[in-house]
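Asks: Structure supplied as run.txt; contents: compact mmCIF, C-alpha atoms.
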```txt
# COMPACT_ATOMS: atom_id res chain seq x y z
CA MET A 220 17.89 0.44 -3.79
CA GLY A 221 14.58 -1.28 -4.49
CA ASP A 222 12.97 -0.47 -7.82
CA SER A 223 10.05 1.37 -6.25
CA ASP A 224 12.34 3.54 -4.09
CA HIS A 225 14.42 4.32 -7.16
CA ILE A 226 11.35 5.44 -9.12
CA LEU A 227 9.95 7.50 -6.24
CA VAL A 228 13.23 9.19 -5.27
CA ASP A 229 13.97 10.05 -8.88
CA ARG A 230 10.54 11.61 -9.33
CA ALA A 231 10.65 13.43 -5.98
CA ALA A 232 14.05 14.91 -6.84
CA LYS A 233 12.48 16.30 -10.00
CA GLY A 234 9.83 18.06 -7.96
CA ASP A 235 7.05 15.46 -7.79
CA GLN A 236 5.76 16.01 -4.25
CA LYS A 237 3.29 13.13 -4.49
CA ALA A 238 6.24 10.77 -4.99
CA PHE A 239 7.85 12.17 -1.84
CA GLU A 240 4.55 11.71 0.02
CA VAL A 241 4.54 7.99 -0.83
CA LEU A 242 8.08 7.72 0.58
CA VAL A 243 6.94 9.49 3.78
CA ARG A 244 4.00 7.11 4.17
CA GLN A 245 6.24 4.12 3.53
CA TYR A 246 9.01 5.00 5.98
CA GLN A 247 7.59 7.31 8.69
CA GLY A 248 6.85 4.43 11.07
CA LYS A 249 10.38 3.05 10.83
CA VAL A 250 11.93 6.52 11.19
CA ALA A 251 9.76 7.29 14.24
CA ALA A 252 10.77 3.96 15.81
CA VAL A 253 14.47 4.71 15.32
CA ILE A 254 14.09 8.17 16.87
CA ALA A 255 12.00 6.84 19.78
CA ARG A 256 14.67 4.27 20.54
CA LEU A 257 17.36 6.95 20.61
CA ILE A 258 15.71 9.82 22.47
CA GLY A 259 13.28 8.02 24.77
CA ASP A 260 10.93 11.02 24.81
CA SER A 261 7.71 10.18 23.03
CA ASP A 262 6.51 13.80 23.00
CA ARG A 263 9.33 14.79 20.64
CA VAL A 264 9.29 11.74 18.35
CA ARG A 265 6.63 13.19 16.08
CA ASP A 266 8.39 16.54 15.66
CA LEU A 267 11.77 14.93 15.03
CA THR A 268 10.28 12.49 12.52
CA GLN A 269 8.79 15.44 10.66
CA GLU A 270 12.13 17.26 10.84
CA THR A 271 13.91 14.21 9.43
CA PHE A 272 11.67 14.09 6.36
CA ILE A 273 11.92 17.82 5.74
CA LYS A 274 15.73 17.61 5.89
CA ALA A 275 15.60 14.64 3.52
CA TYR A 276 13.39 16.53 1.09
CA ARG A 277 15.73 19.51 1.08
CA ALA A 278 18.75 17.24 0.54
CA LEU A 279 17.23 14.94 -2.09
CA HIS A 280 19.47 16.42 -4.79
CA SER A 281 22.51 15.14 -2.88
CA PHE A 282 21.23 11.56 -2.69
CA ARG A 283 23.26 9.64 -5.25
CA GLY A 284 21.70 6.22 -4.85
CA ASP A 285 24.96 4.52 -3.75
CA ALA A 286 23.15 3.22 -0.68
CA ALA A 287 19.50 2.27 -0.19
CA PHE A 288 17.19 5.24 0.30
CA TYR A 289 16.22 4.00 3.77
CA THR A 290 19.88 3.75 4.81
CA TRP A 291 20.33 7.40 3.82
CA LEU A 292 17.11 8.37 5.63
CA TYR A 293 18.18 6.39 8.71
CA ARG A 294 21.39 8.42 8.86
CA ILE A 295 19.44 11.69 8.73
CA ALA A 296 17.11 10.41 11.48
CA THR A 297 19.95 9.39 13.80
CA ASN A 298 21.74 12.71 13.24
CA THR A 299 18.50 14.59 13.95
CA ALA A 300 18.06 12.60 17.18
CA LYS A 301 21.70 13.18 18.12
CA ASN A 302 21.38 16.94 17.59
CA HIS A 303 18.23 16.95 19.72
CA LEU A 304 20.04 15.15 22.55
CA ILE A 305 22.93 17.60 22.40
CA ALA A 306 20.66 20.67 22.29
CA SER A 307 18.36 19.42 25.07
CA HIS A 308 20.95 18.30 27.54
CA ARG A 309 24.03 20.24 26.48
CA ALA A 310 25.99 17.06 26.82
CA PRO A 311 29.63 17.56 25.91
CA LEU A 312 29.34 15.18 22.99
CA ASP A 313 31.56 15.57 19.99
CA ASN A 314 29.60 16.57 16.90
CA ASP A 315 30.85 13.48 15.11
CA VAL A 316 29.80 11.17 17.90
CA GLU A 317 28.92 7.69 16.74
CA MET A 318 25.38 6.55 17.34
CA ASP A 319 26.70 3.82 19.66
CA ASP A 320 27.55 6.66 22.05
CA VAL A 321 24.03 8.03 21.74
CA ASP A 322 22.69 4.55 22.50
CA GLN A 323 24.56 4.78 25.80
CA VAL A 324 23.07 8.19 26.57
CA ALA A 325 19.50 7.43 25.53
CA PRO A 326 18.54 4.92 28.27
CA GLN A 327 19.20 7.55 30.94
CA LEU A 328 16.88 9.91 29.14
CA ARG A 329 14.02 7.45 29.35
CA ASP A 330 13.56 8.80 32.89
CA ASN A 331 12.00 11.85 31.18
CA ASP A 332 9.01 9.80 30.11
CA THR A 333 5.99 10.64 32.25
CA PRO A 334 3.92 7.81 33.73
CA GLU A 335 1.06 8.77 31.35
CA LYS A 336 3.29 8.35 28.27
CA ILE A 337 4.64 5.04 29.53
CA VAL A 338 1.11 3.79 30.22
CA LEU A 339 -0.04 4.84 26.72
CA GLN A 340 2.85 3.06 25.01
CA ASP A 341 2.42 0.01 27.27
CA GLU A 342 -1.31 -0.03 26.50
CA LEU A 343 -0.62 0.10 22.75
CA LEU A 344 1.89 -2.73 22.96
CA LYS A 345 -0.50 -4.79 25.11
CA ASN A 346 -3.26 -4.32 22.52
CA PHE A 347 -0.81 -5.17 19.76
CA GLU A 348 0.25 -8.39 21.53
CA GLN A 349 -3.42 -9.33 21.94
CA ALA A 350 -4.10 -8.61 18.25
CA LEU A 351 -1.14 -10.75 17.23
CA ALA A 352 -2.16 -13.58 19.55
CA ALA A 353 -5.71 -13.53 18.16
CA LEU A 354 -4.53 -14.20 14.59
CA PRO A 355 -4.99 -17.66 13.12
CA GLU A 356 -1.76 -19.64 13.47
CA SER A 357 -1.18 -19.66 9.69
CA MET A 358 -1.25 -15.85 9.54
CA LYS A 359 0.73 -15.35 12.76
CA THR A 360 3.53 -17.59 11.52
CA VAL A 361 4.04 -15.77 8.22
CA ILE A 362 3.95 -12.26 9.65
CA VAL A 363 6.42 -13.16 12.41
CA LEU A 364 8.73 -14.80 9.88
CA ARG A 365 8.53 -11.68 7.73
CA ASP A 366 8.48 -8.72 10.13
CA VAL A 367 10.32 -10.12 13.14
CA HIS A 368 12.81 -12.50 11.54
CA GLY A 369 13.13 -10.67 8.20
CA HIS A 370 12.67 -13.65 5.88
CA SER A 371 11.83 -13.02 2.22
CA TYR A 372 8.53 -14.23 0.77
CA GLU A 373 10.43 -16.90 -1.14
CA GLU A 374 12.14 -18.18 2.01
CA ILE A 375 8.83 -18.27 3.88
CA ALA A 376 7.17 -20.14 1.01
CA ARG A 377 9.99 -22.68 1.07
CA LEU A 378 9.85 -23.04 4.87
CA LEU A 379 6.08 -23.51 4.92
CA GLN A 380 5.93 -25.40 1.62
CA CYS A 381 3.23 -23.18 0.14
CA PRO A 382 3.00 -20.85 -2.90
CA ILE A 383 4.46 -17.34 -2.66
CA GLY A 384 0.99 -15.97 -3.46
CA THR A 385 -0.31 -17.58 -0.27
CA VAL A 386 2.48 -15.99 1.76
CA ARG A 387 1.71 -12.58 0.25
CA SER A 388 -2.00 -12.96 0.95
CA ARG A 389 -1.54 -14.11 4.55
CA ILE A 390 0.89 -11.28 5.33
CA TYR A 391 -1.57 -8.71 3.99
CA ARG A 392 -4.53 -10.21 5.89
CA ALA A 393 -2.51 -10.42 9.12
CA ARG A 394 -1.53 -6.74 8.85
CA GLN A 395 -5.10 -5.75 8.05
CA GLU A 396 -6.43 -7.70 11.07
CA ILE A 397 -3.93 -6.04 13.39
CA ALA A 398 -4.70 -2.60 11.88
CA ASN A 399 -8.41 -3.16 12.57
CA ARG A 400 -7.71 -4.01 16.19
CA LEU A 401 -5.39 -0.99 16.60
CA LYS A 402 -7.64 1.43 14.71
CA HIS A 403 -8.01 3.58 17.84
CA TYR A 404 -4.31 4.46 17.55
CA LEU A 405 -4.41 4.93 13.79
CA ARG A 406 -7.17 7.53 13.92
CA PRO A 407 -6.50 11.29 14.06
CA VAL A 408 -5.46 12.52 17.51
CA SER A 409 -8.44 14.35 19.01
CA MET B 272 -4.51 -1.05 -12.73
CA SER B 273 -7.23 -1.42 -10.10
CA CYS B 274 -6.80 -1.25 -6.32
CA ASN B 275 -5.13 -4.31 -4.83
CA PRO B 276 -4.21 -4.03 -1.12
CA GLU B 277 -2.23 -7.27 -1.24
CA LEU B 278 0.14 -5.66 -3.73
CA VAL B 279 0.35 -2.56 -1.53
CA SER B 280 1.45 -4.78 1.37
CA ALA B 281 4.03 -6.52 -0.85
CA PHE B 282 5.22 -3.08 -2.03
CA LEU B 283 6.11 -2.25 1.59
CA ASP B 284 8.20 -5.41 1.74
CA ASN B 285 9.93 -4.65 -1.56
CA GLU B 286 8.60 -8.01 -2.73
CA LEU B 287 6.89 -7.03 -5.96
CA ASP B 288 7.84 -8.71 -9.21
CA THR B 289 9.98 -6.45 -11.39
CA VAL B 290 7.32 -6.48 -14.09
CA ILE B 291 4.64 -4.91 -11.88
CA VAL B 292 6.59 -2.66 -9.54
CA GLY B 293 6.29 0.29 -11.93
CA ALA B 294 2.54 -0.14 -12.35
CA VAL B 295 1.93 -0.43 -8.58
CA THR B 296 4.09 2.64 -7.93
CA GLU B 297 2.17 4.63 -10.54
CA HIS B 298 -1.11 3.47 -9.01
CA LEU B 299 -0.01 4.61 -5.54
CA LEU B 300 0.79 8.03 -6.97
CA SER B 301 -2.77 8.45 -8.16
CA CYS B 302 -4.94 6.55 -5.64
CA ASP B 303 -5.64 8.19 -2.28
CA GLU B 304 -7.36 5.08 -0.92
CA CYS B 305 -4.35 2.86 -1.60
CA VAL B 306 -1.80 5.27 -0.11
CA GLN B 307 -3.95 5.52 3.02
CA THR B 308 -4.04 1.72 3.17
CA MET B 309 -0.26 1.71 2.78
CA THR B 310 0.10 4.14 5.70
CA LYS B 311 -1.90 1.85 8.00
CA LEU B 312 -0.08 -1.30 6.90
CA ALA B 313 3.31 0.44 7.29
CA ALA B 314 2.36 1.43 10.86
CA VAL B 315 1.55 -2.22 11.63
CA LYS B 316 4.81 -3.34 10.03
CA ALA B 317 6.70 -0.87 12.27
CA VAL B 318 5.01 -2.06 15.45
CA MET B 319 5.68 -5.68 14.46
CA SER B 320 9.40 -5.15 13.85
CA ASP B 321 10.23 -2.24 16.17
CA LYS B 322 7.55 -2.39 18.88
CA PHE B 323 6.71 1.24 18.28
CA MET B 324 3.75 2.85 16.57
CA VAL B 325 3.34 6.49 15.74
CA HIS B 326 -0.18 7.65 16.62
CA ASP B 327 -2.27 9.07 13.77
CA PRO B 328 0.20 8.28 10.96
CA GLU B 329 -2.09 9.93 8.41
CA GLY B 330 -1.85 13.19 10.36
CA LEU B 331 1.94 12.93 10.48
CA THR B 332 2.13 12.51 6.69
CA LEU B 333 -0.12 15.52 6.18
CA SER B 334 2.01 17.62 8.56
CA VAL B 335 5.19 16.75 6.67
CA MET B 336 3.61 17.39 3.28
CA ASN B 337 2.14 20.68 4.45
CA VAL B 338 5.66 21.93 5.20
CA VAL B 339 7.10 20.44 2.01
CA THR B 340 4.40 22.03 -0.14
CA ASN B 341 5.14 25.46 1.30
CA ASP B 342 8.90 24.95 1.46
CA ARG B 343 10.84 27.62 -0.37
CA THR B 344 14.25 26.29 0.58
CA ALA B 345 13.80 23.05 -1.36
CA PRO B 346 16.51 22.50 -3.96
CA PRO B 347 15.57 23.29 -7.53
CA SER B 348 14.65 20.23 -9.51
CA ASN B 349 16.87 18.90 -12.29
CA GLY B 350 14.59 20.62 -14.79
CA MET B 351 15.00 23.92 -13.03
CA MET B 352 18.79 23.46 -12.88
CA SER B 353 18.90 22.96 -16.65
CA PHE B 354 16.74 26.04 -17.13
CA LEU B 355 19.04 28.15 -14.94
CA LYS B 356 22.11 26.86 -16.80
CA LYS B 357 20.54 27.88 -20.10
CA LEU B 358 20.11 31.36 -18.67
CA GLY B 359 23.78 31.32 -17.66
CA ILE B 360 22.96 31.49 -13.95
```
Show this structure as structure tokens.
Replies:
Amino acid sequence: MGDSDHILVDRAAKGDQKAFEVLVRQYQGKVAAVIARLIGDSDRVRDLTQETFIKAYRALHSFRGDAAFYTWLYRIATNTAKNHLIASHRAPLDNDVEMDDVDQVAPQLRDNDTPEKIVLQDELLKNFEQALAALPESMKTVIVLRDVHGHSYEEIARLLQCPIGTVRSRIYRARQEIANRLKHYLRPVS
Amino acid sequence: MSCNPELVSAFLDNELDTVIVGAVTEHLLSCDECVQTMTKLAAVKAVMSDKFMVHDPEGLTLSVMNVVTNDRTAPPSNGMMSFLKKLGI
């Protein structure tokens, strides 16, 4: 577990709700993405993401720190998605079904997406691709190396032969630029 | 420490130096502006790596925390457990 996760989980388990809030802010996007990939129904992603965090909060005392916090959270998210699939479609799935099995079920469920939802997600991804393409090459390279290929800052610095501070700065500025271009989606839903 | 969005971005990547991770974490616990920045940057990080973005991430956080704040089924904290043990419960 990363040091910051360790600090935050420890404090949240002792009743510090602000510490739990920081964990929610940090991981809600990744959790929502995992659930979306599994259930293919964008209307329910938000509810199931919320359910995942509430389950995690209630079970914090049982988290022993043997695995990374996100690994533990990921497991809760996939189980929440699995239970949703079973409840919604009454599929005769064993309760201990592996998520590989759910991966096989989920693509069929994508048929439940309405054209409006598909258009909205397609529109977001199109705007995202445009925002990424509009970045200066130096920023685009570092953020792709980090967020798509998963390289560490040190590896990126070595690959590009620049200081780690430059890598850190470019990654932040790239994210900020993309956030500015996607601000319509980041605002409260009206 | 003062607000530094670059460090917030590095926090999301678990790329902070050991010597400052505690200070940045403490800052995030007390600075609304920086946690809101973190929420936006985390949404961008998710769309970069997973091609999915949750709409209105700030609203989602508030919804979760609204339930958590009013949650009566949450486990007692370690402090509460010690207190109950002292009472022999």
Asks: I'd like to know which of B:Thr308, B:Glu329, B:Leu278, B:Val318 is closest to A:Gln340, using all atoms listed in the file.
Replies: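 So, comparing all the options, the nearest one is B:Val318.
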Asks: Check every residue of chain B for an atom within 8 Å of chain A, counting all atoms listed in the file, and provide those that qualify as a PyMOL selection string.
Replies: chain B and resi 276-277+280-283+285-286+289+292-293+296+299-300+306+309-332+334-336+338-340+344-350
Asks: Have a look at atom CA of A:Ile295 and atom CA of B:Leu333 and let me know their distance in Å, one decimal.
Replies: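 Going from atom CA of A:Ile295 over to atom CA of B:Leu333 covers 20.1 Å.
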Asks: Using Å and a single decimal, report how far atom CA of B:Gln307 sits from atom CA of A:Ala296.
Replies: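 Distance between the two atoms: 23.2 Å.
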Asks: Around all the atoms of stretch 304-312 of chain B listed in the file, with 8 Å of room on each side, what axis-aligned box do you get, giving centre and edge lengths in Å to one decimal, as JSON?
Replies:
```
{"center_x": -3.6, "center_y": 2.1, "center_z": 3.2, "size_x": 23.5, "size_y": 22.8, "size_z": 25.6}
```
Asks: Suppose you want the space between atom CA of A:Ser307 and atom CA of A:Ile254; what is it in Å?
Replies: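 Atom-to-atom, atom CA of A:Ser307 and atom CA of A:Ile254 are spaced 14.6 Å apart.
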